$ cat target.cif   # mmCIF, C-alpha atoms and all ligand atoms
data_model
#
loop_
_atom_site.group_PDB
_atom_site.id
_atom_site.type_symbol
_atom_site.label_atom_id
_atom_site.label_comp_id
_atom_site.auth_asym_id
_atom_site.auth_seq_id
_atom_site.Cartn_x
_atom_site.Cartn_y
_atom_site.Cartn_z
ATOM 1 C CA GLU A 1 122.630 97.480 97.167
ATOM 2 C CA ASN A 2 123.292 100.176 99.761
ATOM 3 C CA GLU A 3 126.637 101.816 99.252
ATOM 4 C CA GLY A 4 127.340 103.358 102.630
ATOM 5 C CA LEU A 5 126.965 106.849 101.139
ATOM 6 C CA LEU A 6 126.465 108.375 104.612
ATOM 7 C CA LEU A 7 128.869 106.220 106.630
ATOM 8 C CA GLY A 8 130.187 108.207 109.587
ATOM 9 C CA LYS A 9 127.664 111.034 109.036
ATOM 10 C CA ARG A 10 125.131 112.290 111.553
ATOM 11 C CA VAL A 11 121.721 113.224 110.191
ATOM 12 C CA LEU A 12 118.859 115.026 111.951
ATOM 13 C CA ILE A 13 115.399 114.890 110.362
ATOM 14 C CA THR A 14 112.029 116.376 111.329
ATOM 15 C CA ALA A 15 108.834 114.660 110.166
ATOM 16 C CA GLY A 16 105.086 114.781 110.523
ATOM 17 C CA PRO A 17 102.732 117.564 111.548
ATOM 18 C CA THR A 18 102.796 119.626 114.703
ATOM 19 C CA ARG A 19 99.730 120.030 116.905
ATOM 20 C CA GLU A 20 98.981 123.397 118.472
ATOM 21 C CA ALA A 21 96.656 123.179 121.452
ATOM 22 C CA ILE A 22 93.613 125.468 121.690
ATOM 23 C CA ASP A 23 92.251 124.014 124.929
ATOM 24 C CA PRO A 24 92.572 120.606 126.682
ATOM 25 C CA VAL A 25 90.579 118.826 123.949
ATOM 26 C CA ARG A 26 91.196 120.801 120.719
ATOM 27 C CA TYR A 27 94.120 121.659 118.455
ATOM 28 C CA LEU A 28 95.191 123.118 115.097
ATOM 29 C CA SER A 29 97.167 120.842 112.787
ATOM 30 C CA ASN A 30 97.509 119.658 109.170
ATOM 31 C CA HIS A 31 97.371 116.482 107.060
ATOM 32 C CA SER A 32 101.045 115.469 107.208
ATOM 33 C CA SER A 33 101.348 111.743 107.962
ATOM 34 C CA GLY A 34 105.117 111.692 108.521
ATOM 35 C CA LYS A 35 105.597 109.164 105.685
ATOM 36 C CA MET A 36 108.067 111.272 103.660
ATOM 37 C CA GLY A 37 110.256 112.131 106.666
ATOM 38 C CA PHE A 38 110.231 108.552 107.989
ATOM 39 C CA ALA A 39 111.196 107.289 104.504
ATOM 40 C CA LEU A 40 114.141 109.720 104.489
ATOM 41 C CA ALA A 41 115.209 108.547 107.954
ATOM 42 C CA ALA A 42 115.065 104.907 106.800
ATOM 43 C CA ALA A 43 117.016 105.670 103.605
ATOM 44 C CA ALA A 44 119.703 107.639 105.471
ATOM 45 C CA ALA A 45 120.113 104.848 108.059
ATOM 46 C CA ARG A 46 120.436 102.293 105.265
ATOM 47 C CA GLU A 47 123.295 104.363 103.838
ATOM 48 C CA GLY A 48 125.119 104.108 107.149
ATOM 49 C CA ALA A 49 124.187 107.430 108.804
ATOM 50 C CA GLU A 50 123.540 107.851 112.513
ATOM 51 C CA VAL A 51 119.989 109.190 112.280
ATOM 52 C CA THR A 52 117.924 111.162 114.794
ATOM 53 C CA LEU A 53 114.261 111.604 113.827
ATOM 54 C CA VAL A 54 112.195 114.268 115.581
ATOM 55 C CA ALA A 55 108.599 113.288 114.898
ATOM 56 C CA GLY A 56 105.340 115.118 115.408
ATOM 57 C CA PRO A 57 102.248 113.026 116.148
ATOM 58 C CA CYS A 58 102.119 110.224 113.541
ATOM 59 C CA GLN A 59 101.069 106.587 113.374
ATOM 60 C CA LEU A 60 104.235 105.074 111.926
ATOM 61 C CA SER A 61 106.760 102.623 113.285
ATOM 62 C CA THR A 62 110.337 103.751 113.795
ATOM 63 C CA PRO A 63 112.681 102.719 110.943
ATOM 64 C CA ALA A 64 115.454 100.250 111.858
ATOM 65 C CA GLY A 65 118.483 101.807 113.490
ATOM 66 C CA VAL A 66 116.900 105.253 113.880
ATOM 67 C CA ARG A 67 116.794 107.200 117.176
ATOM 68 C CA ARG A 68 113.316 108.746 117.448
ATOM 69 C CA ILE A 69 112.191 111.654 119.608
ATOM 70 C CA ASP A 70 108.426 112.256 119.727
ATOM 71 C CA VAL A 71 107.067 115.776 120.094
ATOM 72 C CA ILE A 72 103.663 117.446 119.802
ATOM 73 C CA SER A 73 103.967 121.187 119.180
ATOM 74 C CA ALA A 74 106.299 123.369 117.094
ATOM 75 C CA ASN A 75 107.888 124.727 120.269
ATOM 76 C CA GLU A 76 108.632 121.179 121.443
ATOM 77 C CA MET A 77 110.002 120.279 118.007
ATOM 78 C CA HIS A 78 112.260 123.338 118.119
ATOM 79 C CA GLU A 79 113.569 122.375 121.556
ATOM 80 C CA ALA A 80 114.211 118.746 120.534
ATOM 81 C CA VAL A 81 116.057 119.887 117.393
ATOM 82 C CA ALA A 82 118.149 122.375 119.406
ATOM 83 C CA ASN A 83 119.088 119.646 121.907
ATOM 84 C CA ALA A 84 120.131 117.217 119.150
ATOM 85 C CA LEU A 85 121.873 119.668 116.815
ATOM 86 C CA ALA A 86 125.492 119.447 118.028
ATOM 87 C CA GLN A 87 127.791 117.531 115.640
ATOM 88 C CA GLN A 88 125.126 116.984 112.960
ATOM 89 C CA ASP A 89 126.374 116.907 109.350
ATOM 90 C CA LEU A 90 122.962 117.182 107.724
ATOM 91 C CA PHE A 91 119.579 118.592 108.753
ATOM 92 C CA ILE A 92 116.447 117.766 106.753
ATOM 93 C CA GLY A 93 113.271 119.655 107.693
ATOM 94 C CA CYS A 94 110.467 117.520 106.308
ATOM 95 C CA ALA A 95 107.944 118.312 109.040
ATOM 96 C CA ALA A 96 104.856 120.357 108.215
ATOM 97 C CA VAL A 97 105.365 122.718 111.147
ATOM 98 C CA ALA A 98 102.329 124.848 111.989
ATOM 99 C CA ASP A 99 103.239 128.445 111.157
ATOM 100 C CA PHE A 100 101.038 129.781 113.965
ATOM 101 C CA ARG A 101 99.766 128.628 117.369
ATOM 102 C CA PRO A 102 96.968 129.940 119.573
ATOM 103 C CA ALA A 103 98.238 132.946 121.547
ATOM 104 C CA SER A 104 97.143 131.227 124.740
ATOM 105 C CA ILE A 105 95.905 127.747 125.627
ATOM 106 C CA ALA A 106 92.604 127.800 127.525
ATOM 107 C CA GLU A 107 92.973 125.892 130.797
ATOM 108 C CA GLN A 108 89.442 124.488 130.579
ATOM 109 C CA LYS A 109 87.455 123.256 127.591
ATOM 110 C CA MET A 110 86.110 126.322 125.769
ATOM 111 C CA LYS A 111 82.310 126.571 125.935
ATOM 112 C CA LYS A 112 79.819 127.832 123.387
ATOM 113 C CA GLN A 113 78.378 131.179 124.429
ATOM 114 C CA ASP A 114 74.616 131.627 124.032
ATOM 115 C CA GLY A 115 73.748 133.818 121.074
ATOM 116 C CA GLU A 116 77.271 133.934 119.604
ATOM 117 C CA ASN A 117 77.660 132.552 116.074
ATOM 118 C CA GLU A 118 81.288 133.486 115.611
ATOM 119 C CA MET A 119 84.360 132.862 117.600
ATOM 120 C CA HIS A 120 87.898 134.098 117.115
ATOM 121 C CA ILE A 121 91.160 132.534 118.137
ATOM 122 C CA ALA A 122 94.189 134.833 118.236
ATOM 123 C CA LEU A 123 97.299 133.217 116.745
ATOM 124 C CA VAL A 124 100.993 134.001 117.189
ATOM 125 C CA LYS A 125 103.884 132.975 114.963
ATOM 126 C CA ASN A 126 105.807 129.788 115.737
ATOM 127 C CA PRO A 127 109.612 129.700 115.536
ATOM 128 C CA ASP A 128 110.956 128.792 112.081
ATOM 129 C CA ILE A 129 112.993 125.727 113.046
ATOM 130 C CA LEU A 130 114.723 125.293 109.683
ATOM 131 C CA ALA A 131 115.779 128.947 109.379
ATOM 132 C CA TRP A 132 116.989 128.837 112.992
ATOM 133 C CA VAL A 133 119.144 125.741 112.348
ATOM 134 C CA ALA A 134 120.652 127.353 109.236
ATOM 135 C CA GLN A 135 121.686 130.411 111.296
ATOM 136 C CA GLN A 136 123.552 128.492 114.002
ATOM 137 C CA GLU A 137 127.350 128.620 114.117
ATOM 138 C CA GLY A 138 128.782 125.525 112.418
ATOM 139 C CA ALA A 139 125.333 124.712 111.028
ATOM 140 C CA PRO A 140 124.942 121.401 109.155
ATOM 141 C CA TYR A 141 124.055 121.222 105.443
ATOM 142 C CA CYS A 142 120.375 122.253 105.555
ATOM 143 C CA VAL A 143 117.636 120.815 103.358
ATOM 144 C CA GLY A 144 114.059 122.098 103.506
ATOM 145 C CA PHE A 145 110.821 121.004 101.904
ATOM 146 C CA ALA A 146 108.275 123.269 100.256
ATOM 147 C CA ALA A 147 104.760 121.962 99.778
ATOM 148 C CA GLU A 148 103.016 124.310 97.354
ATOM 149 C CA THR A 149 99.782 124.307 95.401
ATOM 150 C CA GLU A 150 100.856 126.852 92.722
ATOM 151 C CA ASN A 151 104.069 128.431 91.329
ATOM 152 C CA VAL A 152 105.801 125.478 92.969
ATOM 153 C CA GLU A 153 109.395 126.044 91.835
ATOM 154 C CA ALA A 154 109.336 129.843 92.118
ATOM 155 C CA TYR A 155 107.975 129.743 95.686
ATOM 156 C CA ALA A 156 110.479 127.024 96.590
ATOM 157 C CA ARG A 157 113.408 129.112 95.315
ATOM 158 C CA LYS A 158 112.214 132.027 97.449
ATOM 159 C CA LYS A 159 112.178 129.769 100.522
ATOM 160 C CA LEU A 160 115.719 128.562 99.709
ATOM 161 C CA GLU A 161 116.945 132.164 99.799
ATOM 162 C CA ARG A 162 114.793 133.458 102.647
ATOM 163 C CA LYS A 163 115.712 130.596 104.984
ATOM 164 C CA GLY A 164 119.422 130.630 104.086
ATOM 165 C CA ILE A 165 119.524 126.885 103.381
ATOM 166 C CA GLN A 166 121.516 124.804 100.880
ATOM 167 C CA MET A 167 118.728 122.807 99.213
ATOM 168 C CA ILE A 168 114.942 122.878 98.960
ATOM 169 C CA ILE A 169 112.765 119.976 97.891
ATOM 170 C CA ALA A 170 109.687 121.340 96.150
ATOM 171 C CA ASN A 171 106.597 119.182 96.099
ATOM 172 C CA ASP A 172 103.433 120.023 94.255
ATOM 173 C CA VAL A 173 100.562 119.198 96.609
ATOM 174 C CA SER A 174 97.773 120.528 94.371
ATOM 175 C CA ASN A 175 97.145 116.911 93.317
ATOM 176 C CA SER A 176 95.798 114.938 96.288
ATOM 177 C CA ASP A 177 97.442 111.720 94.961
ATOM 178 C CA LEU A 178 100.813 113.216 95.895
ATOM 179 C CA GLY A 179 102.395 114.835 98.922
ATOM 180 C CA PHE A 180 100.414 114.994 102.157
ATOM 181 C CA ASN A 181 99.432 111.573 103.505
ATOM 182 C CA SER A 182 99.854 109.779 100.159
ATOM 183 C CA ASP A 183 102.327 106.903 99.656
ATOM 184 C CA ASN A 184 103.667 108.699 96.587
ATOM 185 C CA ASN A 185 105.344 111.979 95.834
ATOM 186 C CA ALA A 186 107.036 113.846 92.962
ATOM 187 C CA VAL A 187 109.670 116.459 93.738
ATOM 188 C CA VAL A 188 112.191 118.917 92.386
ATOM 189 C CA ALA A 189 115.424 119.235 94.390
ATOM 190 C CA ILE A 190 116.743 122.781 94.002
ATOM 191 C CA SER A 191 120.108 124.117 95.173
ATOM 192 C CA ALA A 192 122.053 127.227 94.144
ATOM 193 C CA ASP A 193 123.744 125.365 91.282
ATOM 194 C CA SER A 194 121.504 122.421 90.467
ATOM 195 C CA GLU A 195 117.926 121.391 89.835
ATOM 196 C CA GLN A 196 116.903 117.750 89.725
ATOM 197 C CA HIS A 197 113.410 116.494 88.930
ATOM 198 C CA ILE A 198 112.401 113.197 90.514
ATOM 199 C CA ALA A 199 109.266 111.842 88.847
ATOM 200 C CA THR A 200 106.256 110.351 90.656
ATOM 201 C CA ASN A 201 107.291 107.362 92.726
ATOM 202 C CA THR A 202 106.832 105.856 96.175
ATOM 203 C CA LYS A 203 108.109 107.969 99.049
ATOM 204 C CA ALA A 204 110.604 105.153 99.806
ATOM 205 C CA GLU A 205 112.114 105.392 96.305
ATOM 206 C CA ILE A 206 112.057 109.211 96.288
ATOM 207 C CA ALA A 207 113.799 109.194 99.680
ATOM 208 C CA LYS A 208 116.494 106.857 98.376
ATOM 209 C CA GLN A 209 117.178 109.114 95.384
ATOM 210 C CA LEU A 210 117.157 112.271 97.523
ATOM 211 C CA ILE A 211 119.620 110.760 100.016
ATOM 212 C CA ALA A 212 121.942 109.802 97.129
ATOM 213 C CA LEU A 213 121.726 113.337 95.717
ATOM 214 C CA ILE A 214 122.225 115.068 99.071
ATOM 215 C CA SER A 215 125.133 112.833 100.075
ATOM 216 C CA SER A 216 126.922 113.815 96.843
ATOM 217 C CA LYS A 217 126.822 117.454 98.124
ATOM 218 C CA LEU A 218 128.221 116.825 101.621
HETATM 219 O O1 LIG A 301 104.141 113.737 105.999
HETATM 220 P P1 LIG A 301 103.635 113.302 104.647
HETATM 221 O O2 LIG A 301 102.158 112.958 104.673
HETATM 222 O O3 LIG A 301 104.478 112.198 104.047
HETATM 223 O O4 LIG A 301 103.746 114.546 103.641
HETATM 224 C C1 LIG A 301 105.006 115.067 103.317
HETATM 225 C C2 LIG A 301 104.987 116.596 103.247
HETATM 226 C C3 LIG A 301 104.121 117.045 102.080
HETATM 227 C C4 LIG A 301 104.462 117.185 104.563
HETATM 228 C C5 LIG A 301 106.486 116.998 103.068
HETATM 229 O O5 LIG A 301 106.996 116.444 101.894
HETATM 230 C C6 LIG A 301 106.659 118.516 102.995
HETATM 231 O O6 LIG A 301 106.533 119.128 101.952
HETATM 232 N N1 LIG A 301 106.962 119.134 104.162
HETATM 233 C C7 LIG A 301 107.035 120.590 104.284
HETATM 234 C C8 LIG A 301 105.637 121.138 104.373
HETATM 235 C C9 LIG A 301 105.544 122.644 104.210
HETATM 236 O O7 LIG A 301 104.662 123.163 103.628
HETATM 237 O O8 LIG A 301 106.463 123.323 104.728
HETATM 238 P P2 LIG A 301 106.496 124.940 104.721
HETATM 239 O O9 LIG A 301 106.452 125.450 103.318
HETATM 240 O O10 LIG A 301 105.525 125.461 105.712
HETATM 241 O O11 LIG A 301 107.923 125.149 105.315
HETATM 242 C C10 LIG A 301 109.107 125.150 104.536
HETATM 243 C C11 LIG A 301 110.217 124.468 105.292
HETATM 244 O O12 LIG A 301 110.444 125.145 106.543
HETATM 245 C C12 LIG A 301 109.965 123.013 105.641
HETATM 246 O O13 LIG A 301 111.196 122.342 105.522
HETATM 247 C C13 LIG A 301 109.500 123.069 107.093
HETATM 248 O O14 LIG A 301 109.851 121.880 107.800
HETATM 249 C C14 LIG A 301 110.274 124.262 107.630
HETATM 250 N N2 LIG A 301 109.562 125.001 108.706
HETATM 251 C C15 LIG A 301 108.410 125.691 108.444
HETATM 252 C C16 LIG A 301 107.792 126.431 109.430
HETATM 253 C C17 LIG A 301 108.359 126.453 110.716
HETATM 254 N N3 LIG A 301 107.802 127.147 111.703
HETATM 255 N N4 LIG A 301 109.490 125.748 110.966
HETATM 256 C C18 LIG A 301 110.102 125.036 109.990
HETATM 257 O O15 LIG A 301 111.149 124.404 110.222
#
$ encode --input "target.cif" --output "structure tokens"
Amino acid sequence: ENEGLLLGKRVLITAGPTREAIDPVRYLSNHSSGKMGFALAAAAAREGAEVTLVAGPCQLSTPAGVRRIDVISANEMHEAVANALAQQDLFIGCAAVADFRPASIAEQKMKKQDGENEMHIALVKNPDILAWVAQQEGAPYCVGFAAETENVEAYARKKLERKGIQMIIANDVSNSDLGFNSDNNAVVAISADSEQHIATNTKAEIAKQLIALISSKL
């Protein structure tokens, strides 16, 4: 039942969380499992695309026919995306990239200090991979995701404009049955001239519908 909607197209997708080291044994991260991004990679490959998947740390097997590059941190994800970007027709940023990382990584395991009940970790901003891709000369069609817990569509529209991308997929993650780590999701795909609601379904089915929608825009 696949129609070859992306035959001859090259697609680059980020998925999963990033991990930002604090010291040799600790890190900052989030609850992304990679399921949504891997489902998109599988759906795009099934439609005939040549797919490169840049994945943060996640426990998922690589979809058939997909080239996978594993990374840990946002900086590594940025570098892998930059190295793979030439000749891509479509970029989908589904990764939950950490916005900040520790300003420095302690070389040795950090120790508790006697008498101190607080500790502070200075953070610095990570590169915005999606906004960076959208700014490159000859940039591919860029699709971002926006996981929000309130004002979902309004915040998503702001991200669409601020990042200079062509489409944003808003997902409401206020309900723990959807979004992060769940097998299901519900999304609204927003572009300058269209808005499509895709009701609660498995990430595999949502990915299939999103790939059909996006391929109609390429
Ligand atoms: O992995 P799962 O468990 O299946 O969950 C899927 C998901 C909920 C993680 C996914 O559907 C999703 O919504 N991903 C985006 C999460 C998010 O909150 O992104 P954001 O609002 O921080 O960023 C917006 C967009 O910019 C995203 O496309 C993100 O990949 C991109 N971004 C953000 C920050 C950054 N430094 N670089 C980026 O490229």
$ closest_residue --input "target.cif" --among "A:Ser215, A:Gln88, A:Asn75, A:Asn184" --to "A:Asn201" --atoms "only C-alpha atoms"
A:Asn184
$ atom_distance --input "target.cif" --atom1 "atom CA of A:Ser191" --atom2 "atom CA of A:Ala41"
20.7 Å
$ closest_residue --input "target.cif" --among "A:Glu76, A:Glu47, A:Glu161, A:Asp183" --to "ligand LIG 301 (chain A)" --atoms "only C-alpha atoms and all ligand atoms"
A:Asp183
$ residues_around --input "target.cif" --residues "stretch 136-138 of chain A" --least-positions-apart "5" --cutoff "12 Å" --atoms "only C-alpha atoms" --output "compact mmCIF listing (two decimals) with C-alpha atoms, in the coordinates of the input"
# COMPACT_ATOMS: atom_id res chain seq x y z
CA VAL A 81 116.06 119.89 117.39
CA ALA A 82 118.15 122.38 119.41
CA LEU A 85 121.87 119.67 116.82
CA ALA A 86 125.49 119.45 118.03
CA GLN A 87 127.79 117.53 115.64
CA GLN A 88 125.13 116.98 112.96
CA ASP A 89 126.37 116.91 109.35
CA LEU A 90 122.96 117.18 107.72
CA PHE A 91 119.58 118.59 108.75
CA ILE A 129 112.99 125.73 113.05
CA LEU A 130 114.72 125.29 109.68
CA ALA A 131 115.78 128.95 109.38
CA GLY A 164 119.42 130.63 104.09
CA ILE A 165 119.52 126.88 103.38
$ residues_near_ligand --input "target.cif" --ligand "ligand LIG 301 (chain A)" --cutoff "7 Å" --atoms "only C-alpha atoms and all ligand atoms" --output "PyMOL selection string"
chain A and resi 14-17+31-37+74+93-99+126-131+143-148+159+170-171+173+179-182
$ write_last_selection --input "target.cif" --atoms "C-alpha atoms" --output "compact mmCIF listing (two decimals), in the coordinates of the input"
# COMPACT_ATOMS: atom_id res chain seq x y z
CA THR A 14 112.03 116.38 111.33
CA ALA A 15 108.83 114.66 110.17
CA GLY A 16 105.09 114.78 110.52
CA PRO A 17 102.73 117.56 111.55
CA HIS A 31 97.37 116.48 107.06
CA SER A 32 101.04 115.47 107.21
CA SER A 33 101.35 111.74 107.96
CA GLY A 34 105.12 111.69 108.52
CA LYS A 35 105.60 109.16 105.68
CA MET A 36 108.07 111.27 103.66
CA GLY A 37 110.26 112.13 106.67
CA ALA A 74 106.30 123.37 117.09
CA GLY A 93 113.27 119.66 107.69
CA CYS A 94 110.47 117.52 106.31
CA ALA A 95 107.94 118.31 109.04
CA ALA A 96 104.86 120.36 108.22
CA VAL A 97 105.36 122.72 111.15
CA ALA A 98 102.33 124.85 111.99
CA ASP A 99 103.24 128.44 111.16
CA ASN A 126 105.81 129.79 115.74
CA PRO A 127 109.61 129.70 115.54
CA ASP A 128 110.96 128.79 112.08
CA ILE A 129 112.99 125.73 113.05
CA LEU A 130 114.72 125.29 109.68
CA ALA A 131 115.78 128.95 109.38
CA VAL A 143 117.64 120.82 103.36
CA GLY A 144 114.06 122.10 103.51
CA PHE A 145 110.82 121.00 101.90
CA ALA A 146 108.28 123.27 100.26
CA ALA A 147 104.76 121.96 99.78
CA GLU A 148 103.02 124.31 97.35
CA LYS A 159 112.18 129.77 100.52
CA ALA A 170 109.69 121.34 96.15
CA ASN A 171 106.60 119.18 96.10
CA VAL A 173 100.56 119.20 96.61
CA GLY A 179 102.40 114.84 98.92
CA PHE A 180 100.41 114.99 102.16
CA ASN A 181 99.43 111.57 103.50
CA SER A 182 99.85 109.78 100.16
$ closest_residue --input "target.cif" --among "A:Glu205, A:Glu50, A:Glu150, A:Asp177" --to "A:Leu12" --atoms "only C-alpha atoms"
A:Glu50
$ atom_distance --input "target.cif" --atom1 "atom CA of A:Val152" --atom2 "atom CA of A:Ala192"
16.4 Å
$ closest_residue --input "target.cif" --among "A:Gly56, A:Ala42, A:Arg19, A:Ala139" --to "A:Lys203" --atoms "all atoms listed in the file"
A:Ala42
$ atom_distance --input "target.cif" --atom1 "atom CA of A:Ala199" --atom2 "atom CA of A:Asp172"
11.4 Å
$ residues_around --input "target.cif" --residues "A:Leu6" --least-positions-apart "2" --cutoff "12 Å" --atoms "only C-alpha atoms" --output "list in words"
Asn2, Glu3, Gly4, Gly8, Lys9, Arg10, Val11, Ala41, Ala43, Ala44, Ala45, Arg46, Glu47, Gly48, Ala49, Glu50, Val51, Asp89, Leu90, Lys208, Ile211, Ala212, Leu213, Ile214, Ser215, Ser216, Lys217 and Leu218 of chain A
$ residues_around --input "target.cif" --residues "stretch 104-110 of chain A" --least-positions-apart "4" --cutoff "6 Å" --atoms "all atoms listed in the file" --output "PyMOL selection string"
chain A and resi 22-24
$ resolve_selection --input "target.cif" --expression "the PyMOL selection byres (((chain A and resi 198) around 9) and not hetatm)" --output "list in words"
Asn185, Ala186, Val187, Val188, Ala189, Gln196, His197, Ala199, Thr200, Asn201, Ile206, Gln209 and Leu210 of chain A
$ write_last_selection --input "target.cif" --atoms "C-alpha atoms" --output "PDB file, in the frame of the given file"
ATOM      1  CA  ASN A 185     105.344 111.979  95.834  1.00  0.00           C
ATOM      2  CA  ALA A 186     107.036 113.846  92.962  1.00  0.00           C
ATOM      3  CA  VAL A 187     109.670 116.459  93.738  1.00  0.00           C
ATOM      4  CA  VAL A 188     112.191 118.917  92.386  1.00  0.00           C
ATOM      5  CA  ALA A 189     115.424 119.235  94.390  1.00  0.00           C
ATOM      6  CA  GLN A 196     116.903 117.750  89.725  1.00  0.00           C
ATOM      7  CA  HIS A 197     113.410 116.494  88.930  1.00  0.00           C
ATOM      8  CA  ALA A 199     109.266 111.842  88.847  1.00  0.00           C
ATOM      9  CA  THR A 200     106.256 110.351  90.656  1.00  0.00           C
ATOM     10  CA  ASN A 201     107.291 107.362  92.726  1.00  0.00           C
ATOM     11  CA  ILE A 206     112.057 109.211  96.288  1.00  0.00           C
ATOM     12  CA  GLN A 209     117.178 109.114  95.384  1.00  0.00           C
ATOM     13  CA  LEU A 210     117.157 112.271  97.523  1.00  0.00           C
TER      14      LEU A 210
END
$ closest_residue --input "target.cif" --among "A:Lys125, A:Lys112, A:Arg101, A:Lys163" --to "A:Cys142" --atoms "all atoms listed in the file"
A:Lys163
$ closest_residue --input "target.cif" --among "A:Ala55, A:Gly65, A:Phe100, A:Lys158" --to "A:Ala122" --atoms "only C-alpha atoms"
A:Phe100
$ decode --input "target.cif" --residues "stretch 34-49 of chain A" --atoms "N, CA and C atoms" --output "PDB file, in the first residue's frame"
ATOM      1  N   GLY A  34      12.602   8.476  21.411  1.00  0.00           N
ATOM      2  CA  GLY A  34      12.977   8.322  19.998  1.00  0.00           C
ATOM      3  C   GLY A  34      11.884   7.687  19.140  1.00  0.00           C
ATOM      4  N   LYS A  35      10.796   7.227  19.780  1.00  0.00           N
ATOM      5  CA  LYS A  35       9.776   6.460  19.023  1.00  0.00           C
ATOM      6  C   LYS A  35       9.182   7.255  17.864  1.00  0.00           C
ATOM      7  N   MET A  36       8.856   8.532  18.095  1.00  0.00           N
ATOM      8  CA  MET A  36       8.216   9.329  17.028  1.00  0.00           C
ATOM      9  C   MET A  36       9.175   9.503  15.845  1.00  0.00           C
ATOM     10  N   GLY A  37      10.423   9.854  16.132  1.00  0.00           N
ATOM     11  CA  GLY A  37      11.395  10.078  15.054  1.00  0.00           C
ATOM     12  C   GLY A  37      11.719   8.796  14.299  1.00  0.00           C
ATOM     13  N   PHE A  38      11.831   7.676  15.034  1.00  0.00           N
ATOM     14  CA  PHE A  38      12.099   6.393  14.359  1.00  0.00           C
ATOM     15  C   PHE A  38      10.904   5.994  13.490  1.00  0.00           C
ATOM     16  N   ALA A  39       9.682   6.277  13.958  1.00  0.00           N
ATOM     17  CA  ALA A  39       8.487   5.959  13.163  1.00  0.00           C
ATOM     18  C   ALA A  39       8.476   6.789  11.874  1.00  0.00           C
ATOM     19  N   LEU A  40       8.906   8.043  11.970  1.00  0.00           N
ATOM     20  CA  LEU A  40       8.976   8.890  10.766  1.00  0.00           C
ATOM     21  C   LEU A  40      10.034   8.351   9.796  1.00  0.00           C
ATOM     22  N   ALA A  41      11.174   7.923  10.334  1.00  0.00           N
ATOM     23  CA  ALA A  41      12.231   7.379   9.481  1.00  0.00           C
ATOM     24  C   ALA A  41      11.725   6.125   8.760  1.00  0.00           C
ATOM     25  N   ALA A  42      11.019   5.256   9.495  1.00  0.00           N
ATOM     26  CA  ALA A  42      10.480   4.033   8.893  1.00  0.00           C
ATOM     27  C   ALA A  42       9.463   4.370   7.813  1.00  0.00           C
ATOM     28  N   ALA A  43       8.581   5.334   8.102  1.00  0.00           N
ATOM     29  CA  ALA A  43       7.524   5.700   7.138  1.00  0.00           C
ATOM     30  C   ALA A  43       8.126   6.328   5.884  1.00  0.00           C
ATOM     31  N   ALA A  44       9.152   7.172   6.059  1.00  0.00           N
ATOM     32  CA  ALA A  44       9.782   7.813   4.899  1.00  0.00           C
ATOM     33  C   ALA A  44      10.503   6.773   4.036  1.00  0.00           C
ATOM     34  N   ALA A  45      11.176   5.815   4.688  1.00  0.00           N
ATOM     35  CA  ALA A  45      11.879   4.760   3.935  1.00  0.00           C
ATOM     36  C   ALA A  45      10.870   3.917   3.164  1.00  0.00           C
ATOM     37  N   ARG A  46       9.735   3.636   3.790  1.00  0.00           N
ATOM     38  CA  ARG A  46       8.710   2.833   3.108  1.00  0.00           C
ATOM     39  C   ARG A  46       8.157   3.550   1.885  1.00  0.00           C
ATOM     40  N   GLU A  47       8.206   4.877   1.897  1.00  0.00           N
ATOM     41  CA  GLU A  47       7.746   5.640   0.724  1.00  0.00           C
ATOM     42  C   GLU A  47       8.872   5.871  -0.276  1.00  0.00           C
ATOM     43  N   GLY A  48       9.983   5.163  -0.091  1.00  0.00           N
ATOM     44  CA  GLY A  48      11.026   5.190  -1.116  1.00  0.00           C
ATOM     45  C   GLY A  48      12.159   6.171  -0.890  1.00  0.00           C
ATOM     46  N   ALA A  49      12.128   6.937   0.218  1.00  0.00           N
ATOM     47  CA  ALA A  49      13.182   7.930   0.461  1.00  0.00           C
ATOM     48  C   ALA A  49      14.488   7.258   0.876  1.00  0.00           C
TER      49      ALA A  49
END
